[in-house]
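A.B. asks: My structure is in run36.txt, and what it holds is compact mmCIF, C-alpha atoms and all ligand atoms:
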```txt
# COMPACT_ATOMS: atom_id res chain seq x y z
CA MET A 30 197.72 71.41 114.31
CA ILE A 31 194.62 70.31 112.46
CA GLN A 32 194.87 70.85 108.73
CA LEU A 33 191.97 71.87 106.57
CA LYS A 34 192.31 70.18 103.20
CA LYS A 35 192.23 72.11 99.96
CA ASP A 36 189.97 71.05 97.10
CA HIS A 37 192.70 69.23 95.18
CA GLU A 38 193.64 67.32 98.33
CA ILE A 39 190.03 66.33 98.92
CA GLY A 40 189.88 65.09 95.32
CA ALA A 41 192.88 62.85 95.93
CA MET A 42 191.41 61.64 99.22
CA ARG A 43 188.19 60.63 97.46
CA LEU A 44 190.20 58.46 95.09
CA ALA A 45 192.23 56.96 97.94
CA GLY A 46 188.99 56.34 99.84
CA GLY A 47 187.44 54.74 96.76
CA VAL A 48 190.30 52.28 96.46
CA ALA A 49 190.43 51.61 100.21
CA SER A 50 186.71 50.85 100.44
CA THR A 51 186.65 48.74 97.30
CA VAL A 52 189.58 46.65 98.52
CA LEU A 53 187.96 46.33 101.94
CA ARG A 54 184.86 44.87 100.29
CA GLU A 55 186.91 42.61 98.07
CA ALA A 56 188.93 41.34 101.01
CA ALA A 57 185.79 40.80 103.11
CA ALA A 58 184.27 38.73 100.28
CA PHE A 59 187.49 36.68 100.09
CA VAL A 60 187.17 35.60 103.73
CA GLN A 61 185.83 32.06 104.04
CA PRO A 62 186.49 29.03 106.23
CA GLY A 63 189.96 27.57 105.62
CA VAL A 64 191.55 30.65 104.08
CA THR A 65 194.69 31.82 105.88
CA THR A 66 195.23 35.35 107.06
CA LEU A 67 198.36 35.46 104.88
CA GLU A 68 196.23 34.63 101.83
CA ILE A 69 193.82 37.42 102.77
CA ASP A 70 196.72 39.85 103.19
CA GLN A 71 198.32 38.95 99.85
CA PHE A 72 194.98 39.13 98.07
CA ALA A 73 194.32 42.59 99.55
CA GLY A 74 197.79 43.78 98.53
CA GLU A 75 197.18 42.63 94.96
CA ARG A 76 193.80 44.37 94.83
CA ILE A 77 195.29 47.62 96.19
CA ARG A 78 197.89 47.56 93.42
CA HIS A 79 195.31 46.55 90.81
CA HIS A 80 193.39 49.72 91.61
CA GLY A 81 196.54 51.84 91.36
CA GLY A 82 197.24 52.31 95.08
CA LYS A 83 199.83 51.30 97.64
CA SER A 84 199.36 49.96 101.14
CA ALA A 85 199.57 52.87 103.58
CA PHE A 86 200.39 50.46 106.42
CA LEU A 87 203.16 48.27 104.98
CA GLY A 88 206.39 49.73 106.37
CA TYR A 89 204.60 52.33 108.50
CA ARG A 90 206.54 52.20 111.79
CA LYS A 91 207.89 48.94 110.30
CA TYR A 92 204.43 47.35 110.14
CA PRO A 93 205.08 44.13 108.17
CA CYS A 94 201.78 43.46 106.35
CA GLU A 95 199.61 44.97 103.61
CA ILE A 96 196.53 45.31 105.83
CA CYS A 97 195.65 44.59 109.46
CA ILE A 98 193.76 41.32 110.08
CA SER A 99 192.53 40.75 113.62
CA VAL A 100 190.66 37.55 114.54
CA ASN A 101 188.20 37.14 117.45
CA GLU A 102 189.79 38.60 120.62
CA GLU A 103 192.37 40.44 118.51
CA VAL A 104 191.34 44.09 118.56
CA VAL A 105 193.55 45.75 115.92
CA HIS A 106 196.93 45.47 114.16
CA GLY A 107 196.80 41.67 113.81
CA LEU A 108 199.55 40.20 111.63
CA ALA A 109 199.02 37.87 108.70
CA SER A 110 200.14 34.28 109.25
CA GLY A 111 199.40 30.68 108.29
CA ARG A 112 196.35 30.70 110.58
CA GLN A 113 193.23 29.42 108.86
CA VAL A 114 190.07 31.25 109.81
CA GLN A 115 187.20 29.00 110.82
CA PHE A 116 183.44 29.04 110.65
CA GLY A 117 182.24 31.14 113.60
CA ASP A 118 185.35 33.33 113.83
CA ILE A 119 185.07 37.07 113.38
CA VAL A 120 187.71 38.83 111.30
CA SER A 121 188.47 42.55 111.44
CA LEU A 122 190.04 43.91 108.27
CA ASP A 123 191.66 47.35 108.30
CA VAL A 124 192.72 48.66 104.89
CA GLY A 125 194.77 51.83 104.42
CA VAL A 126 195.58 52.94 100.88
CA ARG A 127 197.84 55.65 99.55
CA TYR A 128 196.79 57.01 96.17
CA ASP A 129 198.31 60.07 94.56
CA GLY A 130 199.99 60.88 97.89
CA TYR A 131 196.84 60.82 100.02
CA ILE A 132 195.40 58.16 102.28
CA GLY A 133 192.06 56.46 102.74
CA ASP A 134 191.66 54.35 105.89
CA ASN A 135 188.73 52.03 106.64
CA ALA A 136 187.85 48.87 108.50
CA THR A 137 185.09 46.33 108.95
CA THR A 138 184.50 43.18 110.93
CA VAL A 139 182.91 40.13 109.32
CA ALA A 140 181.81 36.75 110.59
CA VAL A 141 183.31 33.72 108.83
CA GLY A 142 180.21 31.96 107.54
CA GLY A 143 178.22 32.84 110.63
CA CYS A 144 178.79 33.40 114.31
CA ASP A 145 177.17 33.23 117.71
CA PRO A 146 174.18 35.64 117.88
CA ALA A 147 175.78 37.45 120.84
CA VAL A 148 178.85 38.12 118.72
CA GLN A 149 176.73 39.10 115.71
CA ARG A 150 175.12 41.69 117.94
CA LEU A 151 178.54 43.07 118.87
CA LEU A 152 179.26 43.60 115.16
CA GLU A 153 175.92 45.35 114.61
CA VAL A 154 176.33 47.63 117.60
CA THR A 155 179.88 48.58 116.62
CA GLU A 156 178.82 49.43 113.07
CA ASN A 157 175.89 51.35 114.50
CA ALA A 158 178.26 53.24 116.82
CA LEU A 159 180.21 54.34 113.73
CA ASP A 160 176.97 55.52 112.07
CA GLU A 161 175.97 57.46 115.17
CA ALA A 162 179.44 59.00 115.32
CA LEU A 163 179.18 60.13 111.68
CA ARG A 164 175.93 61.93 112.53
CA GLU A 165 177.89 64.05 115.00
CA ALA A 166 180.63 64.97 112.51
CA LEU A 167 179.08 68.37 111.86
CA PRO A 168 180.79 71.75 111.65
CA GLY A 169 180.64 73.52 115.01
CA ASN A 170 180.42 70.24 116.94
CA LYS A 171 183.47 69.06 118.85
CA VAL A 172 185.54 65.92 118.61
CA VAL A 173 184.10 64.88 121.97
CA ASP A 174 180.60 64.78 120.42
CA ILE A 175 181.87 61.99 118.16
CA SER A 176 183.50 60.28 121.14
CA ARG A 177 180.34 60.42 123.24
CA ALA A 178 178.15 59.03 120.47
CA ILE A 179 180.36 55.95 120.27
CA GLN A 180 180.60 55.54 124.03
CA ASN A 181 176.82 55.82 124.45
CA CYS A 182 176.18 53.15 121.83
CA ALA A 183 178.65 50.72 123.36
CA GLU A 184 177.66 51.26 126.96
CA ALA A 185 173.91 51.08 126.24
CA ASN A 186 174.62 47.52 125.17
CA GLY A 187 176.89 46.60 128.06
CA TYR A 188 180.05 46.51 125.95
CA SER A 189 183.31 48.29 126.65
CA ILE A 190 185.40 50.76 124.72
CA VAL A 191 189.07 50.24 124.00
CA ARG A 192 190.83 53.37 125.25
CA GLU A 193 194.40 52.90 124.13
CA PHE A 194 193.67 53.28 120.41
CA VAL A 195 191.75 56.13 118.85
CA GLY A 196 190.50 57.62 115.60
CA HIS A 197 192.56 60.35 113.99
CA GLY A 198 192.99 62.99 111.36
CA VAL A 199 194.21 61.52 108.07
CA GLY A 200 195.63 62.98 104.86
CA LYS A 201 199.15 62.75 103.50
CA LYS A 202 199.96 60.87 106.68
CA VAL A 203 198.12 57.95 108.25
CA HIS A 204 197.89 59.68 111.60
CA GLU A 205 197.35 63.43 111.79
CA ASP A 206 195.73 65.64 114.41
CA PRO A 207 193.27 65.48 116.03
CA GLN A 208 193.08 62.28 118.03
CA ILE A 209 189.51 61.02 118.25
CA PRO A 210 188.97 58.90 121.36
CA ASN A 211 186.01 56.53 121.31
CA PHE A 212 184.97 57.72 124.78
CA ASP A 213 184.76 61.06 126.57
CA ASP A 214 188.24 61.35 128.05
CA GLY A 215 187.26 64.43 130.05
CA SER A 216 189.84 66.63 128.37
CA ARG A 217 189.09 70.32 128.84
CA ARG A 218 189.31 71.45 125.30
CA SER A 219 188.08 69.31 122.51
CA PRO A 220 188.77 70.60 118.98
CA VAL A 221 185.86 72.17 117.09
CA LEU A 222 185.07 70.43 113.80
CA LYS A 223 185.48 72.58 110.69
CA PRO A 224 184.77 72.06 107.00
CA GLY A 225 187.84 70.63 105.29
CA MET A 226 188.90 68.35 108.14
CA THR A 227 189.43 64.75 107.08
CA LEU A 228 188.98 62.26 109.89
CA ALA A 229 189.25 58.51 110.38
CA ILE A 230 186.59 57.51 112.90
CA GLU A 231 187.08 54.01 114.24
CA PRO A 232 185.23 52.50 117.18
CA MET A 233 186.91 49.44 118.71
CA ILE A 234 184.44 47.73 121.02
CA ASN A 235 184.96 44.70 123.27
CA LEU A 236 182.27 42.21 124.21
CA GLY A 237 183.86 41.87 127.66
CA GLN A 238 186.24 44.13 129.56
CA ARG A 239 188.03 47.08 127.96
CA HIS A 240 191.58 46.05 128.88
CA VAL A 241 193.97 45.16 126.08
CA GLU A 242 197.55 44.03 125.72
CA VAL A 243 200.06 43.79 122.88
CA LEU A 244 201.34 40.31 121.98
CA GLU A 245 205.04 39.38 121.76
CA ASP A 246 205.01 40.11 118.03
CA GLY A 247 204.98 43.78 119.02
CA TRP A 248 201.80 44.53 117.04
CA THR A 249 198.77 42.38 117.71
CA VAL A 250 196.46 44.04 120.23
CA VAL A 251 194.19 41.58 122.07
CA ALA A 252 191.41 41.82 124.62
CA ARG A 253 192.96 40.65 127.87
CA ASP A 254 189.89 38.60 128.81
CA GLY A 255 190.01 36.76 125.47
CA LEU A 256 186.49 37.81 124.44
CA PRO A 257 185.71 39.02 120.91
CA SER A 258 186.32 42.58 119.76
CA ALA A 259 184.93 44.48 116.75
CA HIS A 260 186.29 47.37 114.69
CA PHE A 261 184.62 49.53 112.05
CA GLU A 262 186.14 52.61 110.43
CA HIS A 263 185.47 55.24 107.78
CA THR A 264 187.45 58.21 106.53
CA ILE A 265 185.18 61.24 106.28
CA LEU A 266 185.28 64.88 105.24
CA VAL A 267 183.68 67.48 107.48
CA THR A 268 181.62 69.79 105.23
CA ASP A 269 179.21 72.71 105.71
CA GLY A 270 176.52 70.13 106.38
CA GLU A 271 176.44 66.35 106.62
CA PRO A 272 179.84 64.67 106.52
CA GLU A 273 180.98 63.12 103.26
CA ILE A 274 182.15 59.52 103.54
CA LEU A 275 185.36 59.37 101.52
CA THR A 276 185.81 55.62 101.91
CA CYS A 277 182.98 54.63 99.62
CA PRO A 278 183.20 52.42 96.53
CA GLY A 279 181.59 55.14 94.38
CA ASN A 280 184.87 57.05 94.71
CA LEU A 281 186.89 54.33 92.97
CA PRO A 282 189.01 55.90 90.20
CA SER A 283 187.40 55.04 86.86
CA GLU A 284 190.60 53.81 85.19
CA PRO A 285 193.00 51.73 87.28
CA ARG A 286 196.35 53.38 86.82
CA GLU A 287 199.94 53.00 87.88
CA LEU A 288 201.43 55.70 90.08
N1 LIG B 301 193.85 52.01 110.83
C1 LIG B 301 194.95 51.81 111.72
C2 LIG B 301 195.05 53.01 112.61
O1 LIG B 301 194.41 53.98 112.35
C3 LIG B 301 196.20 51.72 110.98
C4 LIG B 301 197.10 50.69 111.41
S1 LIG B 301 198.59 51.40 111.62
C5 LIG B 301 199.73 50.22 111.23
O2 LIG B 301 195.75 53.01 113.59
F1 LIG B 301 200.82 50.62 111.81
F2 LIG B 301 199.34 49.08 111.67
F3 LIG B 301 199.88 50.19 109.97
CO CO B 302 192.72 54.48 111.30
```
In C-alpha cells, write the structure found in this file.
C.D. replies:
Amino acid sequence: MIQLKKDHEIGAMRLAGGVASTVLREAAAFVQPGVTTLEIDQFAGERIRHHGGKSAFLGYRKYPCEICISVNEEVVHGLASGRQVQFGDIVSLDVGVRYDGYIGDNATTVAVGGCDPAVQRLLEVTENALDEALREALPGNKVVDISRAIQNCAEANGYSIVREFVGHGVGKKVHEDPQIPNFDDGSRRSPVLKPGMTLAIEPMINLGQRHVEVLEDGWTVVARDGLPSAHFEHTILVTDGEPEILTCPGNLPSEPREL
C-alpha cells in the first residue's frame, strides 16, 4: 500500500532530506586521492550526528556501515574498508538519514580528482536521467513514466540499466511501496502518482552490460563485466504540480539538535 504523507510527516521528511543532502555534499567534498573508504564512512557518520540525525542504513538488514560507498564497477551497497581511492576512480556515495523518525535518502557519484572522459560522460548521463525522471514525477502520471524516462536516457547513450535494484517509496521506513524500476518492466498496472507520495528515485547505470552480482561480503553489488557504474538519487515529494526535492541542503534544520 502506498502511503500519502500528512503535513507533519512531510515537515519531518524535509528535515531528514536536508541533513541527508548536506552530509552527501560534505562526504563528496571529503573524497580525495589517498583517503580510505572507511575514513569517508566515519566522516559521514560524524556529520550525520553533528546535524542531529542517525544513519538510516547502519543496522538495516544488518548493513554494517554508516553510508554505502561503491567504487568504479561497484554499483551499490559497497562496504567501507581500508581501500584508498585513487585519482581517476569514481565513487558512489549513498546517504540515508533518519531525523525525527523520518528518512531522507540520496546518492551521487563523483570522480576522484578527475576521470576518463568516457566515464565522466556516464556520470553526466546518469545525473541527467535522474533530472528527466523528476520531470515525470507529476500527479496523474504513473511510476512507469519515471522508469521510462530513465531507461530512455541510458539507452540513448548506449548504456545499460541495472534491473535488480530499484527506487522506492520512503518515509518512516527506508523501503516502502511502490517499487520504482529504472526501466519499463512491462507490468500491467503501474501505480498512479498522487500528491503526498514520497519517493526515492535512483537510477543505477552501467557503462557496459547490465548484469550484476553480489560479492562474498554479502552486500557489494558489482557490474559483472567490471566496467564502471554510476548512481544518483533524490528523495522527492509528489505535489499538485512540480515535485519537491526533499533532499536539498536548503532543508537543513537551522539548529543542529540531539534526538
Ligand atoms: N539507498 C539504498 C537503497 O535504496 C539504501 C541502501 S540499503 C542498505 O536501497 F541496506 F544498504 F542500507
Ligand atoms: Co534508496
A.B. asks: List the neighbours of range 218-235 of chain A out to 6 Å using all atoms listed in the file; skip same-chain residues closer than 6 positions along the sequence, and give me the result as a count of residues only.
C.D. replies: 29
A.B. asks: Please give me, as a VMD selection string, the residues lying within 6 Å of ligand LIG 301 (chain B) when counting all atoms listed in the file.
C.D. replies: chain A and resid 86 89 to 90 92 106 123 134
A.B. asks: Just how far from CA of Arg253 in chain A is CA of His240 in chain A, in Å to one decimal?
C.D. replies: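 Calculated distance between CA of His240 in chain A and CA of Arg253 in chain A is 5.7 Å.
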A.B. asks: Closest to Val48 in chain A among A:Ile96, A:Val105, A:Ile132, A:Val154, using only C-alpha atoms?
C.D. replies: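 Using only C-alpha atoms, Val48 in chain A sits closest to A:Ile132.
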A.B. asks: Hey, what's within 6 Å of range 113-115 of chain A if we count all atoms listed in the file and toss same-chain stuff fewer than 4 positions away? As a list in words, please?
C.D. replies: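 Result of the neighbour search: Pro62, Gly63, Val64 and Thr65 of chain A.
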A.B. asks: Using Å and a single decimal, report how far CA of Pro93 in chain A sits from CA of Leu256 in chain A.
C.D. replies: 25.5 Å
A.B. asks: Grab the CA of Cys182 in chain A to CA of Val100 in chain A distance for me, in Å with one decimal place.
C.D. replies: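 Pair CA of Cys182 in chain A / CA of Val100 in chain A returns 22.5 Å.
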A.B. asks: Between A:Ile31, A:Leu108, A:Leu67, A:Leu167, single out the one closest to Glu205 in chain A, counting only C-alpha atoms.
C.D. replies: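 Checking each candidate against Glu205 in chain A, we get A:Ile31 as the closest.
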A.B. asks: Choose the residue, out of A:Leu281, A:Val241, A:Ala140, A:Leu151, that has the smallest atom-to-atom separation from His79 in chain A; count only C-alpha atoms.
C.D. replies: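 Among the listed residues, A:Leu281 lies closest to His79 in chain A.
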A.B. asks: Return the single residue from A:Arg239, A:Arg177, A:His37, A:His80 that is closest to Ile209 in chain A, with distances computed using only C-alpha atoms.
C.D. replies: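 Of A:Arg239, A:Arg177, A:His37, A:His80, the one nearest Ile209 in chain A is A:Arg177, counting only C-alpha atoms.
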A.B. asks: Could you check which of A:Phe59, A:Phe116, A:Phe72, A:Tyr128 is closest to Arg43 in chain A, using all atoms listed in the file?
C.D. replies: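 Counting all atoms listed in the file, the residue closest to Arg43 in chain A is A:Tyr128.
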A.B. asks: When you count all atoms listed in the file, which of these residues is closest to ligand CO 302 (chain B): A:Gly215, A:Ala49, A:Asp160, A:Asn181?
C.D. replies: A:Ala49
A.B. asks: Which neighbours of Glu38 in chain A fall inside 9 Å, counting all atoms listed in the file, when residues of the same chain fewer than 3 positions from it are skipped, and could you give them as a list in words?
C.D. replies: Lys34, Lys35, Ala41, Met42, Arg43, Tyr131, Gly200 and Lys201 of chain A
A.B. asks: May I have the residues within 8 Å of Ile119 in chain A as a list in words, using only C-alpha atoms and disregarding those fewer than 6 positions away in the same chain?
C.D. replies: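 After dropping sequence-adjacent residues, the list is Val100, Asn101, Thr138, Val139, Ala140, Val141, Cys144 and Pro257 of chain A.
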A.B. asks: Can you tell me, as an MDAnalysis selection string, what residues are no more than 8 Å from Cys277 in chain A when counting only C-alpha atoms, ignoring any on the same chain fewer than 3 positions away?
C.D. replies: chainID A and resid 46:47 50:51 274 280:281
A.B. asks: Can we get range 147-256 of chain A of that structure written down with C-alpha atoms, as a PDB file, in the first residue's frame?
C.D. replies:
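Here's the written file decode.pdb:
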```pdb
ATOM      1  CA  ALA A 147      34.005   8.352 -21.244  1.00  0.00           C
ATOM      2  CA  VAL A 148      33.398   7.751 -17.546  1.00  0.00           C
ATOM      3  CA  GLN A 149      32.701  11.438 -16.916  1.00  0.00           C
ATOM      4  CA  ARG A 150      30.004  11.168 -19.559  1.00  0.00           C
ATOM      5  CA  LEU A 151      28.465   8.203 -17.725  1.00  0.00           C
ATOM      6  CA  LEU A 152      28.180  10.371 -14.597  1.00  0.00           C
ATOM      7  CA  GLU A 153      26.572  13.224 -16.536  1.00  0.00           C
ATOM      8  CA  VAL A 154      24.072  10.981 -18.271  1.00  0.00           C
ATOM      9  CA  THR A 155      23.097   9.257 -15.026  1.00  0.00           C
ATOM     10  CA  GLU A 156      22.531  12.582 -13.268  1.00  0.00           C
ATOM     11  CA  ASN A 157      20.602  13.753 -16.303  1.00  0.00           C
ATOM     12  CA  ALA A 158      18.484  10.578 -16.176  1.00  0.00           C
ATOM     13  CA  LEU A 159      17.551  11.482 -12.594  1.00  0.00           C
ATOM     14  CA  ASP A 160      16.587  15.011 -13.703  1.00  0.00           C
ATOM     15  CA  GLU A 161      14.450  13.648 -16.528  1.00  0.00           C
ATOM     16  CA  ALA A 162      12.809  11.224 -14.110  1.00  0.00           C
ATOM     17  CA  LEU A 163      11.950  14.064 -11.713  1.00  0.00           C
ATOM     18  CA  ARG A 164      10.188  15.872 -14.568  1.00  0.00           C
ATOM     19  CA  GLU A 165       7.845  12.898 -14.842  1.00  0.00           C
ATOM     20  CA  ALA A 166       7.031  12.805 -11.121  1.00  0.00           C
ATOM     21  CA  LEU A 167       3.727  14.590 -11.661  1.00  0.00           C
ATOM     22  CA  PRO A 168       0.323  13.783 -10.193  1.00  0.00           C
ATOM     23  CA  GLY A 169      -1.677  11.626 -12.607  1.00  0.00           C
ATOM     24  CA  ASN A 170       1.457  10.183 -14.206  1.00  0.00           C
ATOM     25  CA  LYS A 171       2.418   6.606 -13.414  1.00  0.00           C
ATOM     26  CA  VAL A 172       5.506   5.102 -11.861  1.00  0.00           C
ATOM     27  CA  VAL A 173       6.340   3.658 -15.277  1.00  0.00           C
ATOM     28  CA  ASP A 174       6.652   7.200 -16.685  1.00  0.00           C
ATOM     29  CA  ILE A 175       9.560   7.713 -14.286  1.00  0.00           C
ATOM     30  CA  SER A 176      11.009   4.341 -15.262  1.00  0.00           C
ATOM     31  CA  ARG A 177      10.802   5.075 -18.980  1.00  0.00           C
ATOM     32  CA  ALA A 178      12.448   8.479 -18.641  1.00  0.00           C
ATOM     33  CA  ILE A 179      15.474   6.848 -17.018  1.00  0.00           C
ATOM     34  CA  GLN A 180      15.603   3.988 -19.497  1.00  0.00           C
ATOM     35  CA  ASN A 181      15.400   6.361 -22.477  1.00  0.00           C
ATOM     36  CA  CYS A 182      18.274   8.475 -21.182  1.00  0.00           C
ATOM     37  CA  ALA A 183      20.511   5.486 -20.559  1.00  0.00           C
ATOM     38  CA  GLU A 184      19.748   3.670 -23.775  1.00  0.00           C
ATOM     39  CA  ALA A 185      20.080   6.786 -25.947  1.00  0.00           C
ATOM     40  CA  ASN A 186      23.688   6.800 -24.800  1.00  0.00           C
ATOM     41  CA  GLY A 187      24.334   3.090 -25.238  1.00  0.00           C
ATOM     42  CA  TYR A 188      24.485   2.370 -21.504  1.00  0.00           C
ATOM     43  CA  SER A 189      22.572  -0.293 -19.620  1.00  0.00           C
ATOM     44  CA  ILE A 190      20.186  -0.206 -16.706  1.00  0.00           C
ATOM     45  CA  VAL A 191      20.653  -2.309 -13.600  1.00  0.00           C
ATOM     46  CA  ARG A 192      17.393  -4.206 -13.129  1.00  0.00           C
ATOM     47  CA  GLU A 193      17.843  -5.951  -9.810  1.00  0.00           C
ATOM     48  CA  PHE A 194      17.753  -2.764  -7.715  1.00  0.00           C
ATOM     49  CA  VAL A 195      15.071  -0.115  -7.900  1.00  0.00           C
ATOM     50  CA  GLY A 196      13.855   3.173  -6.467  1.00  0.00           C
ATOM     51  CA  HIS A 197      11.196   3.062  -3.793  1.00  0.00           C
ATOM     52  CA  GLY A 198       8.741   4.819  -1.561  1.00  0.00           C
ATOM     53  CA  VAL A 199      10.399   6.191   1.573  1.00  0.00           C
ATOM     54  CA  GLY A 200       9.138   7.577   4.873  1.00  0.00           C
ATOM     55  CA  LYS A 201       9.367   6.062   8.330  1.00  0.00           C
ATOM     56  CA  LYS A 202      10.992   3.102   6.617  1.00  0.00           C
ATOM     57  CA  VAL A 203      13.844   3.071   4.125  1.00  0.00           C
ATOM     58  CA  HIS A 204      11.878   0.977   1.666  1.00  0.00           C
ATOM     59  CA  GLU A 205       8.142   1.482   1.258  1.00  0.00           C
ATOM     60  CA  ASP A 206       5.796   0.920  -1.670  1.00  0.00           C
ATOM     61  CA  PRO A 207       5.911   1.482  -4.555  1.00  0.00           C
ATOM     62  CA  GLN A 208       8.968  -0.036  -6.195  1.00  0.00           C
ATOM     63  CA  ILE A 209      10.309   2.229  -8.930  1.00  0.00           C
ATOM     64  CA  PRO A 210      12.210   0.247 -11.560  1.00  0.00           C
ATOM     65  CA  ASN A 211      14.661   2.186 -13.706  1.00  0.00           C
ATOM     66  CA  PHE A 212      13.254   0.539 -16.844  1.00  0.00           C
ATOM     67  CA  ASP A 213       9.807  -0.344 -18.150  1.00  0.00           C
ATOM     68  CA  ASP A 214       9.305  -3.812 -16.699  1.00  0.00           C
ATOM     69  CA  GLY A 215       6.124  -4.326 -18.703  1.00  0.00           C
ATOM     70  CA  SER A 216       3.976  -4.785 -15.619  1.00  0.00           C
ATOM     71  CA  ARG A 217       0.289  -4.339 -16.368  1.00  0.00           C
ATOM     72  CA  ARG A 218      -0.594  -1.895 -13.696  1.00  0.00           C
ATOM     73  CA  SER A 219       1.777   0.797 -12.687  1.00  0.00           C
ATOM     74  CA  PRO A 220       0.722   2.905  -9.685  1.00  0.00           C
ATOM     75  CA  VAL A 221      -0.624   6.396 -10.380  1.00  0.00           C
ATOM     76  CA  LEU A 222       1.363   9.168  -8.689  1.00  0.00           C
ATOM     77  CA  LYS A 223      -0.569  11.237  -6.151  1.00  0.00           C
ATOM     78  CA  PRO A 224       0.241  14.315  -4.085  1.00  0.00           C
ATOM     79  CA  GLY A 225       1.699  13.275  -0.744  1.00  0.00           C
ATOM     80  CA  MET A 226       3.734  10.345  -2.054  1.00  0.00           C
ATOM     81  CA  THR A 227       7.390  10.476  -1.047  1.00  0.00           C
ATOM     82  CA  LEU A 228       9.686   8.615  -3.408  1.00  0.00           C
ATOM     83  CA  ALA A 229      13.378   7.812  -3.677  1.00  0.00           C
ATOM     84  CA  ILE A 230      14.267   7.827  -7.365  1.00  0.00           C
ATOM     85  CA  GLU A 231      17.647   6.285  -8.062  1.00  0.00           C
ATOM     86  CA  PRO A 232      18.998   5.388 -11.489  1.00  0.00           C
ATOM     87  CA  MET A 233      21.893   2.904 -11.458  1.00  0.00           C
ATOM     88  CA  ILE A 234      23.503   2.876 -14.887  1.00  0.00           C
ATOM     89  CA  ASN A 235      26.348   0.699 -16.183  1.00  0.00           C
ATOM     90  CA  LEU A 236      28.837   1.742 -18.838  1.00  0.00           C
ATOM     91  CA  GLY A 237      28.881  -1.845 -20.135  1.00  0.00           C
ATOM     92  CA  GLN A 238      26.426  -4.698 -19.701  1.00  0.00           C
ATOM     93  CA  ARG A 239      23.551  -4.614 -17.217  1.00  0.00           C
ATOM     94  CA  HIS A 240      24.410  -7.824 -15.357  1.00  0.00           C
ATOM     95  CA  VAL A 241      25.437  -7.576 -11.719  1.00  0.00           C
ATOM     96  CA  GLU A 242      26.487  -9.911  -8.944  1.00  0.00           C
ATOM     97  CA  VAL A 243      26.858  -9.669  -5.174  1.00  0.00           C
ATOM     98  CA  LEU A 244      30.354 -10.177  -3.736  1.00  0.00           C
ATOM     99  CA  GLU A 245      31.196 -12.681  -0.978  1.00  0.00           C
ATOM    100  CA  ASP A 246      30.736  -9.959   1.636  1.00  0.00           C
ATOM    101  CA  GLY A 247      27.005 -10.384   1.034  1.00  0.00           C
ATOM    102  CA  TRP A 248      26.486  -6.697   0.178  1.00  0.00           C
ATOM    103  CA  THR A 249      28.673  -5.198  -2.522  1.00  0.00           C
ATOM    104  CA  VAL A 250      26.897  -5.250  -5.875  1.00  0.00           C
ATOM    105  CA  VAL A 251      29.279  -5.143  -8.860  1.00  0.00           C
ATOM    106  CA  ALA A 252      28.935  -4.977 -12.624  1.00  0.00           C
ATOM    107  CA  ARG A 253      29.834  -8.457 -13.832  1.00  0.00           C
ATOM    108  CA  ASP A 254      31.888  -7.115 -16.741  1.00  0.00           C
ATOM    109  CA  GLY A 255      33.963  -4.962 -14.373  1.00  0.00           C
ATOM    110  CA  LEU A 256      33.083  -1.691 -16.128  1.00  0.00           C
TER     111      LEU A 256
END
```
